[in-house]
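Worksheet: the structure to be examined is printed underneath.
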Amino acid sequence: CQNDARCFQDHPHCSTRIMCVCQGCFYGDKCQLTTQHFGLSLDSILGYHVYPHFTFTQQSLPVKISISLATLLVIIGLVSGILSNLTFQVRSTREIGCGLYLFTSSITSILIIIFLYTKVWLLILSQMQMITWRSILLFNCIPVEFILRVLLATTDWYHVFVAIDRFLVVFLGVHFDKTKSRQFAKRIIFIIPLMTALSILHDPIHRHLIDDIEEQRTWCLVKFTSTMETYNRFINI
């Protein structure tokens with residue numbers, strides 16, 4: 001057993017079965033894996049609730065609840081996102097930067113929902129051993145995680161600029177320049193995702209797959225150096 005885990009065996013000398021009881025934030029058959037750098041990753045939250053080689057009806061309650069919630073979220077999210085997108089397609093709503101930010105954030109919100117739902121199903125199916133292709137597991141581990149993180153941060157930044165634009169409308173009043181606001185927004189809309197992607201480029205670089213042979217599971221793990229961990233926390237804040 002690794003990482004200060006407690007080891008239990010069924011016989012003091014000739015044991016046939018050994019069990020490791022892990023410390024907090026460690027898991028795996030020998031406690032060799034850690035969730036310390038996961039944040040709120042679906043892999044660490046949901047992964048161990050999925051039973052390999054079991055059907056959907058035999059899966060644990062958390063898995064069934066997760067599938068139901070994810071499906072409900074995708075329906076509500078897509079309807080909300082599409083209605084928002086249709087609203088801000090009207091030209092009059094995009095006379096100032098605020099409307100452009102909200103129009104773009106409606107698109108990123110739809111993409112977030114799609115990628116999140118994709119990730120949930122890929123995680124569940126891979127842990128059930130229904131998907132074993134390495135390329136798909138890598139896709140779920142690296143690009144999907146990276147894209148989700150970029151989209152979430154980008155959408156938050158768009159909302160920040162919505163607030164700034166609204167403040168300037170109130171503060172400047174009749175002196176508010178609609179043309180400059182719109183021109184600035186058009187540039188910012190492209191700059192934000194680019195800067196966000198560059199700021200979290202360390203994440204996909206440090207992500208990789210680990211095979212837990214005894215438990216027949218494949219995990220997506222991220223392992224940072226202490227310096228990179230500090231930077232990652234800073235950029236999250």
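We name chains A, B, ... following the order of the structure tokens; residues begin at 1 in each chain, and ligands are numbered from 1 as shown.
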Determine which residues of chain A DSSP labels as helix (DSSP H, G or I) from the backbone of this structure, then write them out as a PyMOL selection string. chain A and resi 42-49+56-58+61-87+91-94+97-127+134-141+143-175+178-199+202-205+226-236
Show which residues sit within 12 Å of range 84-90 of chain A, as a VMD selection string. Count only C-alpha atoms, and ignore same-chain residues fewer than 4 positions away. chain A and resid 77 to 80 94 to 110
Keeping N, CA and C atoms, export the residues of the selection given above as a PDB file, in the first residue's frame.
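Resulting contents of result29.pdb:
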ATOM      1  N   GLY A  77     -30.722  23.571 -20.586  1.00  0.00           N
ATOM      2  CA  GLY A  77     -29.626  24.396 -21.076  1.00  0.00           C
ATOM      3  C   GLY A  77     -29.724  24.695 -22.563  1.00  0.00           C
ATOM      4  N   LEU A  78     -30.078  23.682 -23.352  1.00  0.00           N
ATOM      5  CA  LEU A  78     -30.194  23.886 -24.796  1.00  0.00           C
ATOM      6  C   LEU A  78     -31.366  24.802 -25.139  1.00  0.00           C
ATOM      7  N   VAL A  79     -32.498  24.576 -24.490  1.00  0.00           N
ATOM      8  CA  VAL A  79     -33.670  25.435 -24.725  1.00  0.00           C
ATOM      9  C   VAL A  79     -33.354  26.879 -24.347  1.00  0.00           C
ATOM     10  N   SER A  80     -32.771  27.055 -23.159  1.00  0.00           N
ATOM     11  CA  SER A  80     -32.408  28.393 -22.677  1.00  0.00           C
ATOM     12  C   SER A  80     -31.393  29.064 -23.592  1.00  0.00           C
ATOM     13  N   ARG A  94     -28.169  44.360 -30.355  1.00  0.00           N
ATOM     14  CA  ARG A  94     -26.714  44.368 -30.457  1.00  0.00           C
ATOM     15  C   ARG A  94     -26.173  45.733 -30.880  1.00  0.00           C
ATOM     16  N   GLU A  95     -26.884  46.787 -30.456  1.00  0.00           N
ATOM     17  CA  GLU A  95     -26.445  48.143 -30.787  1.00  0.00           C
ATOM     18  C   GLU A  95     -25.234  48.575 -29.958  1.00  0.00           C
ATOM     19  N   ILE A  96     -25.080  47.962 -28.774  1.00  0.00           N
ATOM     20  CA  ILE A  96     -23.913  48.238 -27.936  1.00  0.00           C
ATOM     21  C   ILE A  96     -23.206  46.923 -27.601  1.00  0.00           C
ATOM     22  N   GLY A  97     -22.022  47.043 -26.997  1.00  0.00           N
ATOM     23  CA  GLY A  97     -21.203  45.869 -26.705  1.00  0.00           C
ATOM     24  C   GLY A  97     -21.895  44.822 -25.855  1.00  0.00           C
ATOM     25  N   CYS A  98     -22.708  45.274 -24.926  1.00  0.00           N
ATOM     26  CA  CYS A  98     -23.416  44.372 -24.005  1.00  0.00           C
ATOM     27  C   CYS A  98     -24.177  43.284 -24.761  1.00  0.00           C
ATOM     28  N   GLY A  99     -24.900  43.689 -25.818  1.00  0.00           N
ATOM     29  CA  GLY A  99     -25.675  42.735 -26.615  1.00  0.00           C
ATOM     30  C   GLY A  99     -24.798  41.730 -27.327  1.00  0.00           C
ATOM     31  N   LEU A 100     -23.624  42.178 -27.791  1.00  0.00           N
ATOM     32  CA  LEU A 100     -22.690  41.276 -28.471  1.00  0.00           C
ATOM     33  C   LEU A 100     -22.111  40.242 -27.510  1.00  0.00           C
ATOM     34  N   TYR A 101     -21.790  40.693 -26.294  1.00  0.00           N
ATOM     35  CA  TYR A 101     -21.266  39.758 -25.283  1.00  0.00           C
ATOM     36  C   TYR A 101     -22.313  38.700 -24.945  1.00  0.00           C
ATOM     37  N   LEU A 102     -23.564  39.127 -24.767  1.00  0.00           N
ATOM     38  CA  LEU A 102     -24.636  38.193 -24.410  1.00  0.00           C
ATOM     39  C   LEU A 102     -24.951  37.240 -25.562  1.00  0.00           C
ATOM     40  N   PHE A 103     -24.869  37.744 -26.784  1.00  0.00           N
ATOM     41  CA  PHE A 103     -25.081  36.891 -27.964  1.00  0.00           C
ATOM     42  C   PHE A 103     -24.013  35.803 -28.034  1.00  0.00           C
ATOM     43  N   THR A 104     -22.748  36.202 -27.819  1.00  0.00           N
ATOM     44  CA  THR A 104     -21.643  35.233 -27.874  1.00  0.00           C
ATOM     45  C   THR A 104     -21.705  34.263 -26.701  1.00  0.00           C
ATOM     46  N   SER A 105     -22.066  34.760 -25.512  1.00  0.00           N
ATOM     47  CA  SER A 105     -22.141  33.877 -24.336  1.00  0.00           C
ATOM     48  C   SER A 105     -23.268  32.847 -24.471  1.00  0.00           C
ATOM     49  N   SER A 106     -24.319  33.192 -25.241  1.00  0.00           N
ATOM     50  CA  SER A 106     -25.385  32.202 -25.487  1.00  0.00           C
ATOM     51  C   SER A 106     -24.840  31.027 -26.304  1.00  0.00           C
ATOM     52  N   ILE A 107     -23.902  31.322 -27.208  1.00  0.00           N
ATOM     53  CA  ILE A 107     -23.281  30.258 -28.022  1.00  0.00           C
ATOM     54  C   ILE A 107     -22.354  29.404 -27.160  1.00  0.00           C
ATOM     55  N   THR A 108     -21.509  30.064 -26.345  1.00  0.00           N
ATOM     56  CA  THR A 108     -20.582  29.300 -25.488  1.00  0.00           C
ATOM     57  C   THR A 108     -21.350  28.473 -24.453  1.00  0.00           C
ATOM     58  N   SER A 109     -22.481  28.988 -23.987  1.00  0.00           N
ATOM     59  CA  SER A 109     -23.300  28.240 -23.011  1.00  0.00           C
ATOM     60  C   SER A 109     -23.840  26.951 -23.624  1.00  0.00           C
ATOM     61  N   ILE A 110     -24.286  27.028 -24.876  1.00  0.00           N
ATOM     62  CA  ILE A 110     -24.773  25.832 -25.585  1.00  0.00           C
ATOM     63  C   ILE A 110     -23.640  24.817 -25.746  1.00  0.00           C
TER      64      ILE A 110
END
Test item, strand (DSSP E) assignment across range 13-208 of chain A, answer as a PDB file with C-alpha atoms, in the first residue's frame:
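Final output, saved to states_38.pdb:
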ATOM      1  CA  ILE A  18      -4.862  -7.791   1.004  1.00  0.00           C
ATOM      2  CA  MET A  19      -6.875  -4.588   1.293  1.00  0.00           C
ATOM      3  CA  CYS A  20      -5.541  -1.026   1.413  1.00  0.00           C
ATOM      4  CA  VAL A  21      -7.463   1.651   3.310  1.00  0.00           C
ATOM      5  CA  PHE A  26      -6.014   8.920  -2.378  1.00  0.00           C
ATOM      6  CA  TYR A  27      -7.636   5.973  -4.143  1.00  0.00           C
ATOM      7  CA  LEU A  33      -3.749   7.540  -7.252  1.00  0.00           C
ATOM      8  CA  THR A  34      -4.679  10.955  -5.893  1.00  0.00           C
ATOM      9  CA  ARG A 207      -2.926  15.391 -18.224  1.00  0.00           C
ATOM     10  CA  HIS A 208      -2.454  11.715 -19.026  1.00  0.00           C
TER      11      HIS A 208
END
Surrounding residues of Asn140 in chain A excluding itself and chain neighbours under 2 positions, 9 Å, only C-alpha atoms, as a count of residues only: 13
Excluding Asn232 in chain A and any residue of its chain fewer than 5 positions from it, enumerate the residues within 9 Å of it, using only C-alpha atoms, and give them as a list in words.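 Contacts, with the query itself left out: Ile200, His202, Asp203, Phe224, Thr227 and Ile237 of chain A.
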Pick out the residues sitting within 12 Å of Asp156 in chain A, and hand them over as a PyMOL selection string; count only C-alpha atoms, and ignore anything fewer than 2 positions along from it in its own chain. chain A and resi 101-102+104-106+108-109+112+149-154+158-163+192-193+196+236
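The residue that comes closest to Ile45 in chain A, out of A:Ile124, A:Ile82, A:His206, A:Arg17 and on the basis of only C-alpha atoms, is A:Ile124.
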Close residues, Trp121 in chain A itself excluded, 12 Å, only C-alpha atoms, min 3 positions apart in chain, as a count of residues only: 28
